[in-house]
Structure formats: structure tokens, C-alpha cells
file coords_0.tsv (TSV, C-alpha atoms)
chain	number	residue	atom	x	y	z
A	1	MET	CA	0.00	0.00	0.00
A	2	ARG	CA	1.46	3.30	-1.08
A	3	ALA	CA	1.99	5.81	1.70
A	4	VAL	CA	0.07	9.06	1.35
A	5	GLU	CA	2.33	12.11	1.31
A	6	ILE	CA	1.13	14.72	3.76
A	7	PRO	CA	2.02	18.31	2.82
A	8	THR	CA	4.37	20.06	5.22
A	9	ILE	CA	3.21	23.22	6.98
A	10	ARG	CA	5.59	25.22	4.79
A	11	GLU	CA	4.02	23.76	1.66
A	12	ARG	CA	0.55	24.52	2.97
A	13	LEU	CA	1.54	28.12	3.75
A	14	ARG	CA	2.94	28.55	0.24
A	15	SER	CA	-0.28	27.13	-1.21
A	16	GLY	CA	-2.47	29.44	0.87
A	17	GLU	CA	-0.40	32.48	-0.06
A	18	SER	CA	-0.46	31.51	-3.74
A	19	ILE	CA	-4.27	31.27	-3.73
A	20	LEU	CA	-4.61	34.72	-2.11
A	21	THR	CA	-2.03	36.25	-4.44
A	22	GLU	CA	-3.93	34.93	-7.45
A	23	ALA	CA	-7.18	36.37	-6.09
A	24	MET	CA	-5.60	39.80	-5.49
A	25	ALA	CA	-4.11	39.90	-9.00
A	26	LYS	CA	-7.61	40.11	-10.49
A	27	SER	CA	-8.09	43.69	-9.29
A	28	VAL	CA	-5.45	46.45	-9.55
A	29	ARG	CA	-5.95	49.93	-8.09
A	30	PHE	CA	-3.89	53.07	-8.53
A	31	PHE	CA	-3.36	55.83	-5.96
A	32	PRO	CA	-1.60	59.14	-6.76
A	33	ALA	CA	1.16	60.37	-4.44
A	34	LYS	CA	-0.12	61.87	-1.15
A	35	THR	CA	-3.43	59.98	-1.41
A	36	VAL	CA	-4.77	58.54	1.84
A	37	ILE	CA	-5.32	54.86	1.00
A	38	LEU	CA	-6.61	53.76	4.40
A	39	GLU	CA	-7.57	56.04	7.28
A	40	GLU	CA	-7.13	55.42	10.99
A	41	GLY	CA	-10.40	54.64	12.80
A	42	ASN	CA	-12.23	53.56	9.66
A	43	ARG	CA	-13.05	50.04	8.56
A	44	THR	CA	-11.65	48.59	5.38
A	45	THR	CA	-13.35	46.05	3.16
A	46	HIS	CA	-10.27	44.93	1.22
A	47	ILE	CA	-6.78	43.52	1.57
A	48	PHE	CA	-4.16	45.26	-0.55
A	49	ARG	CA	-0.75	44.19	-1.83
A	50	VAL	CA	1.61	46.93	-3.03
A	51	ILE	CA	2.88	46.28	-6.57
A	52	SER	CA	4.90	49.45	-7.08
A	53	GLY	CA	5.63	52.67	-5.24
A	54	ARG	CA	6.04	53.51	-1.58
A	55	ALA	CA	3.65	54.46	1.23
A	56	THR	CA	3.84	55.28	4.93
A	57	ARG	CA	1.88	53.88	7.85
A	58	ARG	CA	1.28	56.43	10.62
A	59	ARG	CA	-0.50	56.35	13.97
A	60	THR	CA	-1.91	59.26	15.99
A	61	LEU	CA	-0.56	59.24	19.54
A	62	SER	CA	-2.56	60.21	22.63
A	63	ASP	CA	-0.96	63.67	22.70
A	64	GLY	CA	-1.98	64.35	19.09
A	65	ARG	CA	1.41	63.72	17.52
A	66	SER	CA	1.79	61.42	14.53
A	67	GLN	CA	4.30	58.56	14.64
A	68	LEU	CA	5.74	56.90	11.55
A	69	MET	CA	5.09	53.21	12.17
A	70	SER	CA	6.59	51.80	8.98
A	71	ILE	CA	7.30	52.25	5.30
A	72	LEU	CA	5.31	50.09	2.88
A	73	LEU	CA	7.22	48.67	-0.07
A	74	PRO	CA	6.38	46.52	-3.13
A	75	GLY	CA	5.20	43.12	-1.94
A	76	ASP	CA	3.86	44.40	1.39
A	77	ILE	CA	0.30	43.42	2.29
A	78	VAL	CA	-2.11	45.76	4.06
A	79	GLY	CA	-5.41	44.90	5.70
A	80	VAL	CA	-5.02	41.35	6.99
A	81	GLN	CA	-5.27	42.40	10.65
A	82	SER	CA	-8.52	44.23	9.94
A	83	LEU	CA	-10.09	40.86	9.08
A	84	PHE	CA	-9.80	40.03	12.77
A	85	GLU	CA	-9.93	43.41	14.51
A	86	GLY	CA	-12.26	45.63	12.45
A	87	ALA	CA	-11.37	49.34	12.63
A	88	LEU	CA	-7.91	50.40	11.46
A	89	THR	CA	-5.36	51.60	13.98
A	90	ASP	CA	-3.16	53.44	11.44
A	91	THR	CA	-3.39	55.66	8.38
A	92	VAL	CA	-1.74	54.53	5.14
A	93	GLN	CA	-0.76	57.30	2.73
A	94	ALA	CA	0.99	57.08	-0.63
A	95	VAL	CA	4.41	58.77	-0.76
A	96	THR	CA	4.82	58.08	-4.48
A	97	ASP	CA	2.27	56.93	-7.04
A	98	ILE	CA	1.06	53.51	-5.87
A	99	ALA	CA	-0.22	50.49	-7.76
A	100	ALA	CA	-1.82	47.85	-5.54
A	101	GLU	CA	-3.70	44.61	-6.01
A	102	ALA	CA	-6.86	44.15	-3.95
A	103	VAL	CA	-9.22	41.44	-2.79
A	104	SER	CA	-12.38	41.96	-0.73
A	105	HIS	CA	-12.78	40.63	2.78
A	106	SER	CA	-15.84	38.68	1.64
A	107	GLU	CA	-13.77	36.93	-1.03
A	108	VAL	CA	-11.03	36.16	1.50
A	109	HIS	CA	-13.64	34.66	3.84
A	110	ARG	CA	-15.01	32.56	0.97
A	111	LEU	CA	-11.55	31.29	0.02
A	112	ALA	CA	-10.69	30.52	3.65
A	113	SER	CA	-13.88	28.50	4.07
A	114	GLN	CA	-13.17	26.51	0.90
A	115	GLU	CA	-9.38	26.20	1.11
A	116	THR	CA	-7.93	25.17	4.47
A	117	ASN	CA	-4.48	26.34	3.36
A	118	VAL	CA	-5.77	29.92	3.02
A	119	ALA	CA	-7.11	29.84	6.60
A	120	ILE	CA	-3.79	28.42	7.82
A	121	TRP	CA	-1.87	31.19	6.02
A	122	LEU	CA	-4.07	33.92	7.50
A	123	ILE	CA	-3.67	32.59	11.05
A	124	SER	CA	0.09	32.13	10.62
A	125	TYR	CA	0.46	35.59	9.08
A	126	ALA	CA	-1.50	37.30	11.86
A	127	SER	CA	0.57	35.46	14.48
A	128	HIS	CA	3.82	36.39	12.72
A	129	GLU	CA	2.88	40.06	12.55
A	130	HIS	CA	1.74	40.12	16.19
A	131	GLN	CA	5.14	38.75	17.23
A	132	ARG	CA	6.88	41.29	15.01
A	133	THR	CA	4.94	44.11	16.69
A	134	GLU	CA	5.79	42.75	20.13
A	135	ASN	CA	9.47	42.66	19.17
A	136	TRP	CA	9.34	46.23	17.94
A	137	LEU	CA	7.66	47.41	21.14
A	138	ARG	CA	10.42	45.76	23.17
A	139	VAL	CA	13.03	47.69	21.22
A	140	VAL	CA	11.16	50.99	21.42
A	141	THR	CA	10.54	50.75	25.18
A	142	THR	CA	13.84	49.28	26.42
A	143	GLY	CA	16.38	49.44	23.60
A	144	THR	CA	19.25	51.86	23.20
A	145	ALA	CA	19.38	54.32	20.32
A	146	MET	CA	21.78	51.99	18.50
A	147	GLU	CA	19.42	49.01	18.94
A	148	LYS	CA	16.34	50.96	17.83
A	149	ILE	CA	17.99	52.29	14.69
A	150	ALA	CA	19.74	49.03	13.84
A	151	PHE	CA	16.45	47.13	14.22
A	152	SER	CA	14.69	49.54	11.84
A	153	LEU	CA	17.45	49.37	9.22
A	154	VAL	CA	17.74	45.58	9.36
A	155	ASP	CA	13.96	45.24	9.09
A	156	LEU	CA	13.89	47.32	5.89
A	157	TRP	CA	16.94	45.51	4.54
A	158	ARG	CA	15.18	42.16	4.97
A	159	ARG	CA	12.08	43.37	3.12
A	160	LEU	CA	13.79	44.81	0.04
A	161	PRO	CA	15.01	42.64	-2.87
A	162	ARG	CA	18.78	42.76	-3.23
A	163	PRO	CA	21.67	40.88	-4.82
A	164	ASP	CA	23.63	38.93	-2.20
A	165	ASN	CA	26.14	41.02	-0.22
A	166	SER	CA	25.61	44.13	-2.36
A	167	PRO	CA	24.99	47.62	-0.92
A	168	LEU	CA	21.32	48.53	-0.58
A	169	ARG	CA	19.90	52.04	-0.47
A	170	LEU	CA	16.87	52.41	1.82
A	171	PRO	CA	14.15	55.02	1.08
A	172	LEU	CA	14.48	56.52	4.54
A	173	SER	CA	15.81	59.89	5.68
A	174	GLN	CA	17.35	60.54	9.09
A	175	ARG	CA	14.28	62.66	9.93
A	176	ASP	CA	11.97	59.76	9.01
A	177	LEU	CA	14.08	57.47	11.16
A	178	ALA	CA	13.89	59.86	14.12
A	179	GLU	CA	10.10	59.94	13.90
A	180	HIS	CA	9.95	56.17	13.53
A	181	VAL	CA	12.07	55.27	16.57
A	182	GLY	CA	10.92	58.13	18.80
A	183	LEU	CA	14.28	59.88	19.17
A	184	THR	CA	15.33	63.46	18.52
A	185	LEU	CA	16.94	64.19	15.16
A	186	PRO	CA	20.33	65.16	16.72
A	187	HIS	CA	20.37	61.86	18.67
A	188	VAL	CA	19.66	59.89	15.49
A	189	CYS	CA	22.32	61.83	13.57
A	190	ARG	CA	24.97	61.03	16.21
A	191	THR	CA	24.08	57.34	16.16
A	192	ILE	CA	24.04	57.23	12.37
A	193	ALA	CA	27.47	58.90	12.36
A	194	ALA	CA	28.83	56.10	14.57
A	195	MET	CA	27.38	53.49	12.21
A	196	ARG	CA	28.95	55.29	9.29
A	197	GLU	CA	32.35	55.38	10.97
A	198	ALA	CA	32.06	51.62	11.51
A	199	GLY	CA	31.59	51.18	7.76
A	200	ALA	CA	28.05	49.81	8.07
A	201	ILE	CA	26.20	52.57	6.23
A	202	GLU	CA	26.54	55.63	4.02
A	203	ILE	CA	24.28	58.68	4.05
A	204	HIS	CA	22.67	60.16	0.94
A	205	TYR	CA	20.04	62.86	0.46
A	206	GLY	CA	16.75	61.31	1.59
A	207	SER	CA	18.14	57.79	1.90
A	208	ILE	CA	20.51	55.56	3.87
A	209	GLU	CA	22.69	53.02	2.10
A	210	ILE	CA	23.60	49.80	3.90
A	211	LEU	CA	27.14	48.77	3.00
A	212	ASP	CA	27.61	45.98	5.56
A	213	ILE	CA	24.62	44.43	7.30
A	214	LYS	CA	26.67	42.37	9.78
A	215	PRO	CA	27.42	45.17	12.31
A	216	LEU	CA	23.74	46.14	12.30
A	217	MET	CA	22.62	42.55	12.84
A	218	GLU	CA	25.15	42.27	15.65
A	219	SER	CA	23.54	45.26	17.35
A	220	VAL	CA	20.21	43.45	17.71
A	221	LYS	CA	21.58	40.12	18.92
A	222	GLY	CA	21.40	38.85	22.49
A	223	GLU	CA	18.46	40.42	24.30
A	224	PHE	CA	17.29	41.96	21.04
A	225	ASP	CA	17.98	39.04	18.71
A	226	LEU	CA	14.55	39.58	17.22
A	227	PHE	CA	15.15	38.18	13.76
A	228	GLY	CA	16.37	34.74	14.78
A	229	GLY	CA	18.65	32.59	12.69
A	230	ASN	CA	16.46	32.44	9.58
A	231	ALA	CA	16.44	36.04	8.39
A	232	GLY	CA	15.26	36.19	4.82
A	233	ASN	CA	14.15	32.54	4.75
A	234	GLN	CA	10.56	32.85	5.98
A	235	THR	CA	7.79	31.06	4.08
A	236	PHE	CA	6.35	34.47	3.29
A	237	ARG	CA	7.97	37.85	3.42
A	238	SER	CA	8.13	39.89	6.59
A	239	VAL	CA	5.46	42.31	5.51
A	240	GLU	CA	3.41	45.09	7.01
A	241	THR	CA	-0.15	44.63	8.13
A	242	ILE	CA	-2.88	46.66	9.80

call {"tool": "encode", "arguments": {"input": "coords_0.tsv", "output": "C-alpha cells"}}
result
Amino acid sequence: MRAVEIPTIRERLRSGESILTEAMAKSVRFFPAKTVILEEGNRTTHIFRVISGRATRRRTLSDGRSQLMSILLPGDIVGVQSLFEGALTDTVQAVTDIAAEAVSHSEVHRLASQETNVAIWLISYASHEHQRTENWLRVVTTGTAMEKIAFSLVDLWRRLPRPDNSPLRLPLSQRDLAEHVGLTLPHVCRTIAAMREAGAIEIHYGSIEILDIKPLMESVKGEFDLFGGNAGNQTFRSVETI
């Protein structure tokens, strides 16, 4: 009697993601630069995947200030968490012209009810993103300036396509970085200068180029070894979600 091959969890995750990706590809939407794509406090009826362009995800703090939570890049998915939690906690705004694929929540629910692998992917994705948020909160609340900035740079580095061991320019200014990690601009500039002297990065107008990722990864090891030993090898990309 021939043994039945049971798909591994990784194979099932890939299958679930592939089904959702195919569903999203059927509808493409375009948003001009500066357009608010999703607004904090509102409910969304769709999941989006960025095809091209760049957007920001911001949250209004209790004192009225706005904090840059993350930068959305091609391949990032937005709206999965709203399947479970309803109202959005952040505002997503296009920085450049954006093209994004979309699928309705109702279609996602239909696919999840028909395809177990889709439901498994959604649960795994939500769990992954919850852990990623918890890790970030640990860094923000107890990390040093070096750990906060290194974490942010490594996170972006992991999410951008790149040839192996080649320099990578991140679409992030020092001012953006200061707003993201909750530090003053002079504090960020001093820390960035130390990273530059170590040969890890180079500064350009409106961007930061990573020359050597190893010193930055070293900065988030130990208590803040938040990426584990499989950076870049996840079943699905480390993407943004709200």
C-alpha cells in the first residue's frame, strides 16, 4: 500500500499564499502620491498588496502627535489584521504613485472556508505580525538608540530585494528614522554617524545606504535578537499589516 504524502506546513503556507495572491491579482488599483489609502479609525473592506511605489503607515498618539510606524514597499500586504480586529489603527498614505492589487474581505472569507491552506496562512500571518509588533515594542521601550535604529534598518533591509552582499539604499531619511524610533533628530544623527564610521552605512540625500549588514545585525543580537537565525528565509515575506 502506497503511503500518502502529507504536505508540510511550509508547503501549505505557500499554497495558501499563492491562492490569495492569485485572487488579489484580479483587481489592480492606482493611488496618486499623497493619497490617503486607508484612514485610521475607519473600517476597510479589502486587503491590498503593493505592486509598485512607496507608502507610509502612521499612527496618531494620545498627545496628538503622529508617529511613523513603517514604510510600505512593493510586496507588502495591508489589511489582513482588519479581518480580525475591524477598525484600522493606522493611516496609510501614498508617498509616491502607488499600484496595488486588492481582494475583498468577503472573497477572503469565501476562500478561507473553501481552502484550508488559506485559513492556515491567515492565522500564521497574523501570528507572525503580532510577534513582530511585540518585538518592535520591546526595542522601542527598552532598547538603546543603536538598537532601535539598527532594528529599523535591518527590518527594511530584509524586506527589500537585493543581490547577495551588495549595498542597498533604503528610502528613509534621518528625519523619518527619528520619527519612527521616537528619538530626537540630533540623537539619530549622532548614532548614524557612529554606524557610518564603523563602515556599516553611508548617508545620501533622503536615503541611507547599507554597506555591511553584519554590524547592524550584531547590534540586535542577544536580548534583542529579534530576527532569529532564519532572516530572509521565511515562508512568506516579513510584511506590514494593519

call {"tool": "closest_residue", "arguments": {"input": "coords_0.tsv", "among": "A:Thr21, A:Thr141, A:Ser66, A:Thr60", "to": "Phe48 (chain A)", "atoms": "all atoms listed in the file"}}
result
A:Thr21

call {"tool": "closest_atom_pairs", "arguments": {"input": "coords_0.tsv", "of": "region 115-169 of chain A", "to": "region 191-196 of chain A", "cutoff": "10 Å", "atoms": "only C-alpha atoms", "output": "CSV"}}
result
residue,atom,partner,partner_atom,distance
A:Ala145,CA,A:Thr191,CA,7.0
A:Met146,CA,A:Thr191,CA,6.3
A:Glu147,CA,A:Thr191,CA,9.9
A:Ile149,CA,A:Thr191,CA,8.0
A:Ala150,CA,A:Met195,CA,9.0

call {"tool": "residues_near_point", "arguments": {"input": "coords_0.tsv", "point": "(-0.3, 60.8, -3.2)", "cutoff": "10 Å", "atoms": "all atoms listed in the file", "output": "VMD selection string"}}
result
chain A and resid 31 to 37 54 to 55 93 to 98

call {"tool": "atom_distance", "arguments": {"input": "coords_0.tsv", "atom1": "CA of Arg110 (chain A)", "atom2": "CA of Arg43 (chain A)"}}
result
19.2 Å

call {"tool": "atom_distance", "arguments": {"input": "coords_0.tsv", "atom1": "CA of Arg49 (chain A)", "atom2": "CA of Tyr205 (chain A)"}}
result
28.0 Å

call {"tool": "closest_residue", "arguments": {"input": "coords_0.tsv", "among": "A:Arg57, A:His204, A:Lys26, A:Arg132", "to": "Ser173 (chain A)", "atoms": "all atoms listed in the file"}}
result
A:His204

call {"tool": "closest_residue", "arguments": {"input": "coords_0.tsv", "among": "A:Leu73, A:Ser104, A:Ile120, A:Ala23", "to": "Arg158 (chain A)", "atoms": "all atoms listed in the file"}}
result
A:Leu73

call {"tool": "closest_residue", "arguments": {"input": "coords_0.tsv", "among": "A:Ser70, A:Ser124, A:Ser166, A:Ser207", "to": "Val181 (chain A)", "atoms": "only C-alpha atoms"}}
result
A:Ser70

call {"tool": "closest_residue", "arguments": {"input": "coords_0.tsv", "among": "A:Leu13, A:Leu88, A:Ile6, A:Val220", "to": "Val118 (chain A)", "atoms": "only C-alpha atoms"}}
result
A:Leu13

call {"tool": "closest_residue", "arguments": {"input": "coords_0.tsv", "among": "A:Ile123, A:Met69, A:Ala200, A:Val50", "to": "Ala102 (chain A)", "atoms": "only C-alpha atoms"}}
result
A:Val50

call {"tool": "atom_distance", "arguments": {"input": "coords_0.tsv", "atom1": "CA of Asp176 (chain A)", "atom2": "CA of Leu68 (chain A)"}}
result
7.3 Å

call {"tool": "residues_around", "arguments": {"input": "coords_0.tsv", "residues": "region 80-83 of chain A", "least_positions_apart": "2", "cutoff": "9 Å", "atoms": "only C-alpha atoms", "output": "count of residues only"}}
result
22

call {"tool": "residues_near_point", "arguments": {"input": "coords_0.tsv", "point": "(17.2, 53.3, 0.7)", "cutoff": "9 Å", "atoms": "only C-alpha atoms", "output": "PyMOL selection string"}}
result
chain A and resi 156-157+168-173+204+206-210

call {"tool": "axis_aligned_box", "arguments": {"input": "coords_0.tsv", "around": "region 173-187 of chain A", "padding_each_side": "3 Å", "output": "AutoDock Vina command-line options"}}
result
--center_x 15.2 --center_y 60.2 --center_z 12.4 --size_x 16.4 --size_y 15.9 --size_z 19.5
